[in-house]
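Peer 1: My structure is stored as run.cif, with mmCIF, C-alpha atoms (C1' of nucleotides).
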```
data_query
#
loop_
_atom_site.label_atom_id
_atom_site.label_comp_id
_atom_site.auth_asym_id
_atom_site.auth_seq_id
_atom_site.Cartn_x
_atom_site.Cartn_y
_atom_site.Cartn_z
CA MET A 1 25.59 -126.07 171.66
CA ALA A 2 29.11 -125.53 170.35
CA HIS A 3 30.46 -121.99 170.43
CA ALA A 4 33.01 -119.87 168.56
CA LEU A 5 34.07 -116.33 169.40
CA ASP A 6 31.66 -116.47 172.35
CA ARG A 7 28.77 -116.91 169.92
CA PRO A 8 26.70 -120.02 169.35
CA LEU A 9 27.45 -122.15 166.29
CA VAL A 10 24.44 -122.94 164.17
CA PRO A 11 24.56 -125.60 161.46
CA LEU A 12 23.35 -124.77 157.98
CA THR A 13 20.48 -127.24 158.11
CA ALA A 14 18.96 -125.67 161.22
CA LEU A 15 18.95 -122.24 159.57
CA ALA A 16 17.52 -123.61 156.33
CA GLU A 17 14.66 -125.29 158.12
CA ALA A 18 13.92 -122.28 160.30
CA GLN A 19 13.88 -119.95 157.29
CA ARG A 20 12.18 -122.44 154.97
CA ILE A 21 14.63 -122.16 152.13
CA PRO A 22 16.64 -124.88 150.37
CA ALA A 23 19.81 -125.71 152.30
CA THR A 24 21.83 -125.86 149.07
CA PHE A 25 20.81 -122.31 148.27
CA LEU A 26 21.34 -120.95 151.74
CA GLU A 27 24.79 -122.51 151.78
CA GLN A 28 25.92 -120.28 148.92
CA ILE A 29 24.70 -117.23 150.75
CA LEU A 30 26.41 -118.19 154.01
CA ILE A 31 29.70 -118.93 152.28
CA ASP A 32 29.40 -115.58 150.56
CA LEU A 33 28.72 -113.84 153.87
CA ARG A 34 31.66 -115.60 155.48
CA GLN A 35 33.97 -114.48 152.67
CA GLY A 36 32.59 -110.99 153.18
CA GLY A 37 33.65 -111.06 156.81
CA PHE A 38 30.16 -111.11 158.30
CA LEU A 39 30.13 -114.74 159.40
CA ALA A 40 32.61 -117.13 160.95
CA SER A 41 32.34 -120.85 160.39
CA THR A 42 33.67 -124.00 162.01
CA ARG A 43 33.94 -127.15 159.94
CA GLY A 44 33.42 -130.73 160.90
CA LYS A 45 31.01 -132.41 163.25
CA TYR A 46 29.24 -129.99 165.61
CA GLY A 47 30.46 -127.21 163.37
CA GLY A 48 28.33 -124.41 162.01
CA TYR A 49 28.10 -120.69 161.45
CA SER A 50 28.24 -117.77 163.82
CA LEU A 51 28.51 -114.01 163.47
CA ALA A 52 32.07 -112.86 162.89
CA LYS A 53 31.53 -109.83 165.15
CA PRO A 54 28.91 -108.54 167.58
CA ALA A 55 25.47 -108.03 166.02
CA GLY A 56 25.65 -104.39 167.06
CA GLU A 57 28.60 -103.83 164.76
CA ILE A 58 26.99 -105.24 161.63
CA MET A 59 25.00 -102.52 159.90
CA ILE A 60 22.17 -103.52 157.58
CA GLY A 61 23.48 -101.08 154.99
CA GLU A 62 26.79 -102.94 154.88
CA LEU A 63 25.01 -106.24 154.36
CA VAL A 64 22.73 -104.88 151.64
CA ARG A 65 25.62 -103.27 149.78
CA TYR A 66 27.61 -106.47 149.99
CA LEU A 67 24.78 -108.72 148.83
CA ASP A 68 22.83 -106.44 146.49
CA GLY A 69 25.20 -103.67 145.50
CA PRO A 70 24.94 -99.88 145.86
CA LEU A 71 21.95 -98.38 147.67
CA ALA A 72 21.33 -95.72 145.01
CA PRO A 73 18.69 -96.55 142.39
CA ILE A 74 20.99 -95.39 139.59
CA GLY A 75 24.78 -95.40 139.31
CA CYS A 76 25.23 -91.64 138.94
CA ALA A 77 23.49 -91.12 142.30
CA SER A 78 25.67 -93.56 144.22
CA VAL A 79 28.10 -92.35 146.89
CA THR A 80 30.05 -95.57 147.34
CA ALA A 81 29.91 -96.79 143.73
CA TYR A 82 29.42 -93.76 141.47
CA GLU A 83 29.19 -94.42 137.74
CA ARG A 84 28.90 -91.82 135.03
CA CYS A 85 25.69 -92.13 133.07
CA SER A 86 25.14 -91.52 129.37
CA CYS A 87 23.12 -88.32 129.73
CA PRO A 88 24.63 -85.16 128.27
CA ASP A 89 24.66 -82.95 131.37
CA GLU A 90 24.82 -85.02 134.53
CA GLU A 91 25.77 -82.11 136.73
CA HIS A 92 22.48 -80.30 136.22
CA CYS A 93 20.27 -83.36 135.93
CA GLY A 94 17.22 -82.99 138.18
CA LEU A 95 16.51 -86.70 138.09
CA ARG A 96 19.95 -87.41 139.46
CA LEU A 97 19.40 -84.96 142.30
CA VAL A 98 16.12 -86.61 143.20
CA MET A 99 17.73 -90.03 143.08
CA MET A 100 20.48 -88.79 145.35
CA ASP A 101 17.74 -87.78 147.78
CA VAL A 102 16.39 -91.31 147.51
CA ARG A 103 19.79 -92.87 148.09
CA ASN A 104 20.29 -90.66 151.17
CA ALA A 105 16.86 -91.58 152.47
CA ILE A 106 17.69 -95.26 152.09
CA SER A 107 21.08 -94.80 153.72
CA ASN A 108 19.47 -92.97 156.63
CA VAL A 109 17.57 -96.14 157.42
CA LEU A 110 19.93 -98.95 156.47
CA ASP A 111 23.13 -97.36 157.75
CA ARG A 112 21.48 -96.53 161.06
CA TYR A 113 20.25 -99.99 162.02
CA SER A 114 22.41 -102.93 163.00
CA LEU A 115 21.60 -106.61 163.19
CA ALA A 116 21.24 -106.11 166.94
CA HIS A 117 18.53 -103.50 166.33
CA LEU A 118 16.80 -105.89 164.00
CA ALA A 119 16.79 -108.64 166.59
CA GLU A 120 15.66 -106.25 169.29
CA VAL A 121 12.71 -105.08 167.23
CA THR A 122 11.75 -108.64 166.38
CA LEU A 123 11.91 -109.74 170.00
CA GLN A 124 9.91 -106.70 171.12
CA HIS A 125 7.15 -107.60 168.71
CA LEU A 126 7.14 -111.22 169.77
CA ARG A 127 6.92 -110.24 173.41
CA ARG A 128 4.21 -107.69 172.74
CA ASP A 129 2.11 -110.46 171.25
CA GLY A 130 2.88 -112.83 174.10
CA LEU A 131 4.83 -115.24 171.93
CA LEU A 132 7.93 -114.88 174.10
CA PRO A 133 8.18 -114.47 177.86
CA PRO A 134 8.91 -110.89 178.98
CA VAL A 135 12.54 -109.89 179.47
CA VAL A 136 12.36 -110.24 183.24
CA GLU A 137 11.42 -113.90 182.94
CA LEU A 138 14.03 -114.47 180.27
CA ILE A 139 16.83 -113.12 182.44
CA ARG A 140 15.66 -115.10 185.44
CA HIS A 141 15.63 -118.27 183.34
CA LEU A 142 19.10 -117.63 181.95
CA ASN A 143 20.52 -116.87 185.39
CA LEU A 144 19.21 -120.14 186.73
CA ALA A 145 20.49 -122.08 183.77
CA THR A 146 23.98 -120.61 183.70
CA ARG A 147 24.63 -120.43 187.44
CA ALA A 148 25.44 -124.06 187.43
CA LYS A 149 28.43 -123.49 185.18
CA THR A 150 29.54 -119.88 185.65
CA ALA A 151 29.54 -117.82 188.79
CA ALA A 152 28.37 -114.59 187.11
CA ALA A 153 25.99 -114.68 184.18
CA LYS A 154 26.99 -112.65 181.16
CA PRO A 155 24.68 -109.93 179.87
CA VAL A 156 22.16 -111.22 177.38
CA GLU A 157 22.91 -110.46 173.76
CA PRO A 158 20.39 -110.92 170.97
CA ASP A 159 20.81 -114.41 169.58
CA PHE A 160 20.52 -114.88 165.85
CA SER A 161 20.82 -118.64 166.13
CA ILE A 162 17.26 -119.24 165.04
CA MET B 1 6.76 -76.75 116.25
CA ALA B 2 3.56 -78.81 116.12
CA HIS B 3 1.48 -79.00 119.28
CA ALA B 4 -1.01 -81.34 120.92
CA LEU B 5 -2.98 -80.72 124.11
CA ASP B 6 -1.28 -77.30 124.26
CA ARG B 7 2.07 -79.00 124.62
CA PRO B 8 4.85 -79.15 122.05
CA LEU B 9 5.26 -82.34 120.02
CA VAL B 10 8.75 -83.76 120.03
CA PRO B 11 9.81 -86.46 117.59
CA LEU B 12 11.53 -89.57 118.87
CA THR B 13 14.78 -88.86 117.06
CA ALA B 14 15.21 -85.47 118.71
CA LEU B 15 14.82 -87.04 122.15
CA ALA B 16 17.14 -89.91 121.33
CA GLU B 17 19.88 -87.55 120.17
CA ALA B 18 19.46 -85.24 123.14
CA GLN B 19 19.61 -88.13 125.58
CA ARG B 20 22.28 -90.02 123.68
CA ILE B 21 20.46 -93.33 123.62
CA PRO B 22 19.55 -95.51 120.62
CA ALA B 23 16.28 -94.34 119.01
CA THR B 24 15.06 -97.92 118.64
CA PHE B 25 15.45 -98.45 122.35
CA LEU B 26 13.90 -95.15 123.37
CA GLU B 27 10.96 -95.88 121.10
CA GLN B 28 10.01 -98.90 123.19
CA ILE B 29 10.09 -96.83 126.34
CA LEU B 30 8.00 -94.03 124.86
CA ILE B 31 5.38 -96.45 123.54
CA ASP B 32 5.29 -98.03 126.97
CA LEU B 33 4.85 -94.63 128.62
CA ARG B 34 2.09 -93.74 126.20
CA GLN B 35 0.26 -96.97 126.97
CA GLY B 36 0.69 -96.12 130.63
CA GLY B 37 -1.08 -92.81 130.12
CA PHE B 38 1.94 -90.60 130.71
CA LEU B 39 2.54 -89.55 127.12
CA ALA B 40 0.37 -88.63 124.15
CA SER B 41 1.56 -89.15 120.60
CA THR B 42 0.67 -87.96 117.13
CA ARG B 43 1.53 -90.10 114.16
CA GLY B 44 2.60 -89.12 110.68
CA LYS B 45 4.84 -86.37 109.41
CA TYR B 46 5.50 -83.62 111.96
CA GLY B 47 4.13 -85.96 114.61
CA GLY B 48 5.83 -86.75 117.89
CA TYR B 49 5.34 -87.17 121.61
CA SER B 50 4.06 -84.84 124.28
CA LEU B 51 3.07 -85.20 127.92
CA ALA B 52 -0.45 -86.56 128.31
CA LYS B 53 -1.08 -84.24 131.27
CA PRO B 54 0.60 -81.26 132.94
CA ALA B 55 4.09 -82.01 134.26
CA GLY B 56 2.89 -81.01 137.73
CA GLU B 57 0.45 -83.90 137.76
CA ILE B 58 2.96 -86.61 136.92
CA MET B 59 4.62 -87.83 140.10
CA ILE B 60 8.03 -89.49 139.86
CA GLY B 61 6.80 -92.28 142.11
CA GLU B 62 4.09 -93.15 139.59
CA LEU B 63 6.61 -93.28 136.80
CA VAL B 64 9.06 -95.42 138.75
CA ARG B 65 6.35 -97.86 139.82
CA TYR B 66 5.13 -98.11 136.25
CA LEU B 67 8.56 -98.66 134.74
CA ASP B 68 10.41 -100.46 137.52
CA GLY B 69 7.73 -101.93 139.76
CA PRO B 70 7.07 -101.46 143.49
CA LEU B 71 9.20 -99.02 145.50
CA ALA B 72 9.77 -101.47 148.37
CA PRO B 73 13.03 -103.46 148.31
CA ILE B 74 11.15 -106.69 149.11
CA GLY B 75 7.60 -107.77 148.31
CA CYS B 76 6.44 -108.19 151.89
CA ALA B 77 7.28 -104.52 152.58
CA SER B 78 5.33 -103.15 149.62
CA VAL B 79 2.19 -101.06 150.14
CA THR B 80 0.94 -101.09 146.55
CA ALA B 81 2.09 -104.61 145.62
CA TYR B 82 2.37 -106.65 148.80
CA GLU B 83 3.52 -110.25 148.43
CA ARG B 84 3.81 -112.80 151.19
CA CYS B 85 7.34 -114.02 151.67
CA SER B 86 8.51 -117.49 152.59
CA CYS B 87 9.67 -116.69 156.10
CA PRO B 88 7.86 -118.43 158.96
CA ASP B 89 6.68 -115.37 160.92
CA GLU B 90 6.32 -112.35 158.70
CA GLU B 91 4.30 -110.38 161.21
CA HIS B 92 7.15 -110.13 163.69
CA CYS B 93 9.99 -109.97 161.18
CA GLY B 94 12.35 -107.11 162.07
CA LEU B 95 13.85 -107.08 158.61
CA ARG B 96 10.44 -106.51 157.09
CA LEU B 97 9.83 -103.58 159.45
CA VAL B 98 13.14 -102.00 158.49
CA MET B 99 12.38 -102.51 154.82
CA MET B 100 8.99 -100.87 155.32
CA ASP B 101 10.88 -97.89 156.73
CA VAL B 102 13.00 -97.90 153.59
CA ARG B 103 9.98 -98.12 151.32
CA ASN B 104 8.37 -95.18 153.19
CA ALA B 105 11.57 -93.17 152.93
CA ILE B 106 11.66 -93.77 149.18
CA SER B 107 7.99 -92.92 148.82
CA ASN B 108 8.50 -89.70 150.79
CA VAL B 109 10.84 -88.55 148.05
CA LEU B 110 9.41 -90.02 144.86
CA ASP B 111 5.74 -89.46 145.65
CA ARG B 112 6.42 -85.86 146.63
CA TYR B 113 8.15 -84.69 143.47
CA SER B 114 6.51 -84.22 140.07
CA LEU B 115 8.05 -83.91 136.63
CA ALA B 116 7.50 -80.16 136.99
CA HIS B 117 9.64 -80.13 140.14
CA LEU B 118 12.31 -82.06 138.30
CA ALA B 119 12.35 -79.57 135.48
CA GLU B 120 12.35 -76.65 137.89
CA VAL B 121 15.34 -78.01 139.77
CA THR B 122 17.21 -78.67 136.56
CA LEU B 123 16.52 -75.18 135.21
CA GLN B 124 17.52 -73.61 138.52
CA HIS B 125 20.86 -75.36 138.38
CA LEU B 126 21.43 -74.39 134.78
CA ARG B 127 20.66 -70.75 135.55
CA ARG B 128 22.82 -70.77 138.66
CA ASP B 129 25.73 -71.82 136.46
CA GLY B 130 24.92 -69.23 133.83
CA LEU B 131 24.04 -71.82 131.20
CA LEU B 132 20.56 -70.39 130.75
CA PRO B 133 19.42 -66.76 130.87
CA PRO B 134 17.71 -65.75 134.14
CA VAL B 135 13.91 -66.02 134.29
CA VAL B 136 13.39 -62.30 133.75
CA GLU B 137 15.19 -62.43 130.43
CA LEU B 138 13.38 -65.61 129.47
CA ILE B 139 9.96 -64.04 130.01
CA ARG B 140 10.94 -60.90 128.12
CA HIS B 141 12.13 -63.02 125.22
CA LEU B 142 8.95 -65.11 125.14
CA ASN B 143 6.73 -62.06 125.30
CA LEU B 144 8.46 -60.55 122.30
CA ALA B 145 8.33 -63.78 120.36
CA THR B 146 4.69 -64.60 120.99
CA ARG B 147 3.21 -61.12 120.66
CA ALA B 148 3.31 -61.48 116.94
CA LYS B 149 0.83 -64.35 117.05
CA THR B 150 -1.16 -64.06 120.28
CA ALA B 151 -2.30 -60.93 122.04
CA ALA B 152 -1.58 -62.23 125.58
CA ALA B 153 1.33 -64.54 126.28
CA LYS B 154 0.52 -67.64 128.29
CA PRO B 155 2.36 -68.30 131.53
CA VAL B 156 5.57 -70.20 131.06
CA GLU B 157 5.43 -73.88 131.89
CA PRO B 158 8.52 -76.06 132.20
CA ASP B 159 9.18 -77.60 128.80
CA PHE B 160 10.31 -81.21 128.70
CA SER B 161 10.86 -81.10 124.97
CA ILE B 162 14.59 -81.34 125.23
"C1'" DT C 1 40.89 -145.67 163.04
"C1'" DT C 2 36.65 -145.34 161.33
"C1'" DT C 3 32.33 -142.94 160.88
"C1'" DA C 4 28.98 -139.32 160.82
"C1'" DA C 5 28.10 -134.58 160.69
"C1'" DA C 6 29.37 -130.67 158.94
"C1'" DT C 7 31.47 -126.94 155.94
"C1'" DC C 8 33.70 -125.77 151.37
"C1'" DC C 9 33.49 -124.91 146.61
"C1'" DG C 10 33.42 -125.32 141.63
"C1'" DA C 11 30.31 -126.47 137.87
"C1'" DT C 12 25.91 -126.35 135.86
"C1'" DA C 13 21.36 -124.64 134.62
"C1'" DA C 14 16.53 -122.92 134.10
"C1'" DG C 15 14.01 -118.79 134.18
"C1'" DA C 16 13.57 -113.75 134.53
"C1'" DT C 17 15.19 -109.34 133.52
"C1'" DT C 18 17.74 -105.82 131.06
"C1'" DA C 19 19.12 -103.51 127.24
"C1'" DC C 20 18.92 -103.44 123.34
"C1'" DT C 21 18.24 -104.70 117.57
"C1'" DT C 22 15.51 -106.02 113.61
"C1'" DG C 23 11.96 -105.78 110.40
"C1'" DG C 24 8.03 -104.46 108.90
"C1'" DG C 25 3.32 -101.97 109.12
"C1'" DA C 26 0.28 -97.84 109.69
"C1'" DT C 27 -0.49 -92.90 109.62
"C1'" DT C 28 -0.20 -88.23 108.16
"C1'" DA C 29 1.33 -83.52 106.13
"C1'" DA C 30 3.01 -81.64 102.28
"C1'" DT D 1 3.04 -90.05 96.14
"C1'" DT D 2 6.61 -89.42 99.32
"C1'" DA D 3 8.98 -88.61 103.48
"C1'" DA D 4 8.62 -88.37 108.23
"C1'" DT D 5 6.89 -90.37 111.91
"C1'" DC D 6 4.71 -93.52 115.28
"C1'" DC D 7 3.27 -98.66 116.24
"C1'" DC D 8 4.45 -103.19 117.43
"C1'" DA D 9 5.97 -108.03 117.57
"C1'" DA D 10 9.86 -110.73 117.69
"C1'" DG D 11 14.60 -111.83 118.49
"C1'" DT D 12 19.17 -111.56 120.93
"C1'" DA D 13 22.86 -111.24 124.08
"C1'" DA D 14 24.31 -110.47 128.61
"C1'" DT D 15 23.47 -110.53 133.24
"C1'" DC D 16 20.92 -111.68 137.50
"C1'" DT D 17 18.31 -114.74 140.29
"C1'" DT D 18 17.57 -118.89 142.25
"C1'" DA D 19 18.81 -122.39 142.68
"C1'" DT D 20 20.96 -127.90 142.03
"C1'" DC D 21 24.68 -131.31 142.04
"C1'" DG D 22 28.82 -133.76 143.08
"C1'" DG D 23 32.35 -134.32 145.55
"C1'" DA D 24 36.38 -132.76 148.69
"C1'" DT D 25 37.71 -131.49 153.25
"C1'" DT D 26 37.44 -131.07 158.21
"C1'" DT D 27 36.36 -132.44 162.81
"C1'" DA D 28 34.33 -134.80 167.07
"C1'" DA D 29 33.28 -138.82 168.81
"C1'" DA D 30 32.55 -143.90 168.97
#
```
Before anything else, please render the file you have as structure tokens.
Peer 2:
Amino acid sequence: MAHALDRPLVPLTALAEAQRIPATFLEQILIDLRQGGFLASTRGKYGGYSLAKPAGEIMIGELVRYLDGPLAPIGCASVTAYERCSCPDEEHCGLRLVMMDVRNAISNVLDRYSLAHLAEVTLQHLRRDGLLPPVVELIRHLNLATRAKTAAAKPVEPDFSI
Amino acid sequence: MAHALDRPLVPLTALAEAQRIPATFLEQILIDLRQGGFLASTRGKYGGYSLAKPAGEIMIGELVRYLDGPLAPIGCASVTAYERCSCPDEEHCGLRLVMMDVRNAISNVLDRYSLAHLAEVTLQHLRRDGLLPPVVELIRHLNLATRAKTAAAKPVEPDFSI
DNA sequence: TTTAAATCCGATAAGATTACTTGGGATTAA
DNA sequence: TTAATCCCAAGTAATCTTATCGGATTTAAA
């Protein structure tokens, strides 16, 4: 598999099939994510997409804000994209205060987890249910496979290829 | 002021002016809320809207679900309105687990606070900033005003009239 | 040099949702 | 009878969602 930035390159079609969504639709999203600095892409044959930075440095909150907008349910409760609302006394509005609690609660989840966490959790669950070999086996397999090419195997990083 | 169910009746126009939104638009919302069992209404001259039950029994989460739909950001993370998503392995999906955390975080705020809490918080803030007389003065005023009609004044309940 | 496998990207569009407006009908107190 | 008030169906305009389409560009390899 081709690589870029030390990360595997995955073609659009592979992702579309794996996620069961139309390739033409996914393409828009991936281009958008690339323009947002989350993905890198390589054109031409054997090209594809890869993360633009380590999965541990991409926070879910960043992604959600980029794709869906502010976390807060209403504009006047948003930290990163505050908007005045039409109500007469925003400063004392109890609803706004509650919605700021909501926005903080959401942020406390989404701004705490990275893509790497997401992958880790997913892999844990797969292993727990015996759908993936345990980590020990995985490492052993990778060591065997990579020893042929490189003297020392690199540490295993969660792979978002598929 | 006319009353129904022991609660003051407020005409649409008064609410629309106080909230600075078009009366024709607010009307739709109020009719919707009445059909949802949150409001009661009285037709004809001197009619209006009132809460259908005590403010302490109307949870914000209920209102939000009724007006805006499920709390969860995505269908497969919803408790009250679960929907299968198109992904191949929902059970082990890390994103779904994170979004379930988000939905729980939202629920922990919205399902904990009632309209009464909202009013209380708002009034507290108004008093703190000296925009309303302190509670002691409020009670004294109400006692004086109601003694003329009723022998014993009822306990003060947050008033959502305006 | 040609070809196949890819990304890139602008244009289009159906359907749903949001945020209203319009117009009229029904009810009720005075 | 009248004025105030709620009830409700329908329409509209803008935006969002969820795509589809057509072609241009790039690149590795035969």
Peer 1: So what does the PyMOL selection byres ((chain C) within 7 of (chain A)) actually pick up in this one, as a short mmCIF file (atom, residue, chain, number, x, y, z; two decimals) with C-alpha atoms (C1' of nucleotides), in the coordinates of the input?
Peer 2:
```cif
data_model
loop_
_atom_site.label_atom_id
_atom_site.label_comp_id
_atom_site.auth_asym_id
_atom_site.auth_seq_id
_atom_site.Cartn_x
_atom_site.Cartn_y
_atom_site.Cartn_z
"C1'" DA C 5 28.10 -134.58 160.69
"C1'" DA C 6 29.37 -130.67 158.94
"C1'" DT C 7 31.47 -126.94 155.94
#
```
Peer 1: Suppose you want the space between atom CA of A:Gln35 and atom CA of A:Ala2; what is it in Å?
Peer 2: 21.4 Å
Peer 1: Up to 9 Å from (13.9, -109.9, 120.3) in the file's coordinates: name the residues, counting only C-alpha atoms (C1' of nucleotides), as a tab-separated table (two decimals) with C-alpha atoms (C1' of nucleotides), in the frame of the given file.
Peer 2:
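Heads up, here's the output in point_6.tsv:
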```
chain	number	residue	atom	x	y	z
C	20	DC	C1'	18.92	-103.44	123.34
C	21	DT	C1'	18.24	-104.70	117.57
C	22	DT	C1'	15.51	-106.02	113.61
D	9	DA	C1'	5.97	-108.03	117.57
D	10	DA	C1'	9.86	-110.73	117.69
D	11	DG	C1'	14.60	-111.83	118.49
D	12	DT	C1'	19.17	-111.56	120.93
```
Peer 1: Taking into account all atoms listed in the file, which residue in the set B:Ala16, B:Glu57, B:Ala77, B:Val10 is nearest to chain A?
Peer 2: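 Closest to chain A of all the choices is B:Ala16.
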Peer 1: Kindly indicate which residue among B:Thr80, B:Asn104, B:Gln19, B:Thr24 lies nearest to D:DC6, using only C-alpha atoms (C1' of nucleotides) for the distances.
Peer 2: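 For D:DC6, the nearest of the given residues is B:Thr24.
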Peer 1: With distances taken over only C-alpha atoms (C1' of nucleotides), which of A:Leu15, A:Ala23, A:Val79, A:Leu9 is nearest to chain D?
Peer 2: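 Closest to chain D, using only C-alpha atoms (C1' of nucleotides): A:Ala23.
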Peer 1: Report the residues retrieved by the PyMOL selection byres ((chain B) within 7 of (chain A)) from the displayed file, expressed as a ChimeraX atom specification.
Peer 2: /B:19-20,86-88,92-95,101-102,105-106,109,118-119,121-122,125-126
Peer 1: Using only C-alpha atoms (C1' of nucleotides), find each residue of chain D with at least one atom at most 10 Å away from an atom of chain B; report its shortest atom-to-atom pair and that distance in Å (one decimal), sort the rows by chain and rising residue number, and return the result as a tab-separated table.
Peer 2:
```
residue	atom	partner	partner_atom	distance
D:DA3	C1'	B:Lys45	CA	7.6
D:DA4	C1'	B:Lys45	CA	4.4
D:DT5	C1'	B:Gly44	CA	4.6
D:DC6	C1'	B:Arg43	CA	4.8
D:DC7	C1'	B:Ile31	CA	7.9
D:DC8	C1'	B:Gln28	CA	9.1
```
Peer 1: Go ahead and compute the interatomic distance for atom CA of B:Ser78 and atom C1' of C:DT17, in Å to one decimal.
Peer 2: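 Atom-to-atom, atom CA of B:Ser78 and atom C1' of C:DT17 are spaced 19.9 Å apart.
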Peer 1: Mind checking which residues fall within 12 Å of D:DG23, counting all atoms listed in the file, ignoring those fewer than 5 positions away in the same chain, and posting them as JSON, numbers by chain?
Peer 2: {"C": [8, 9, 10, 11]}
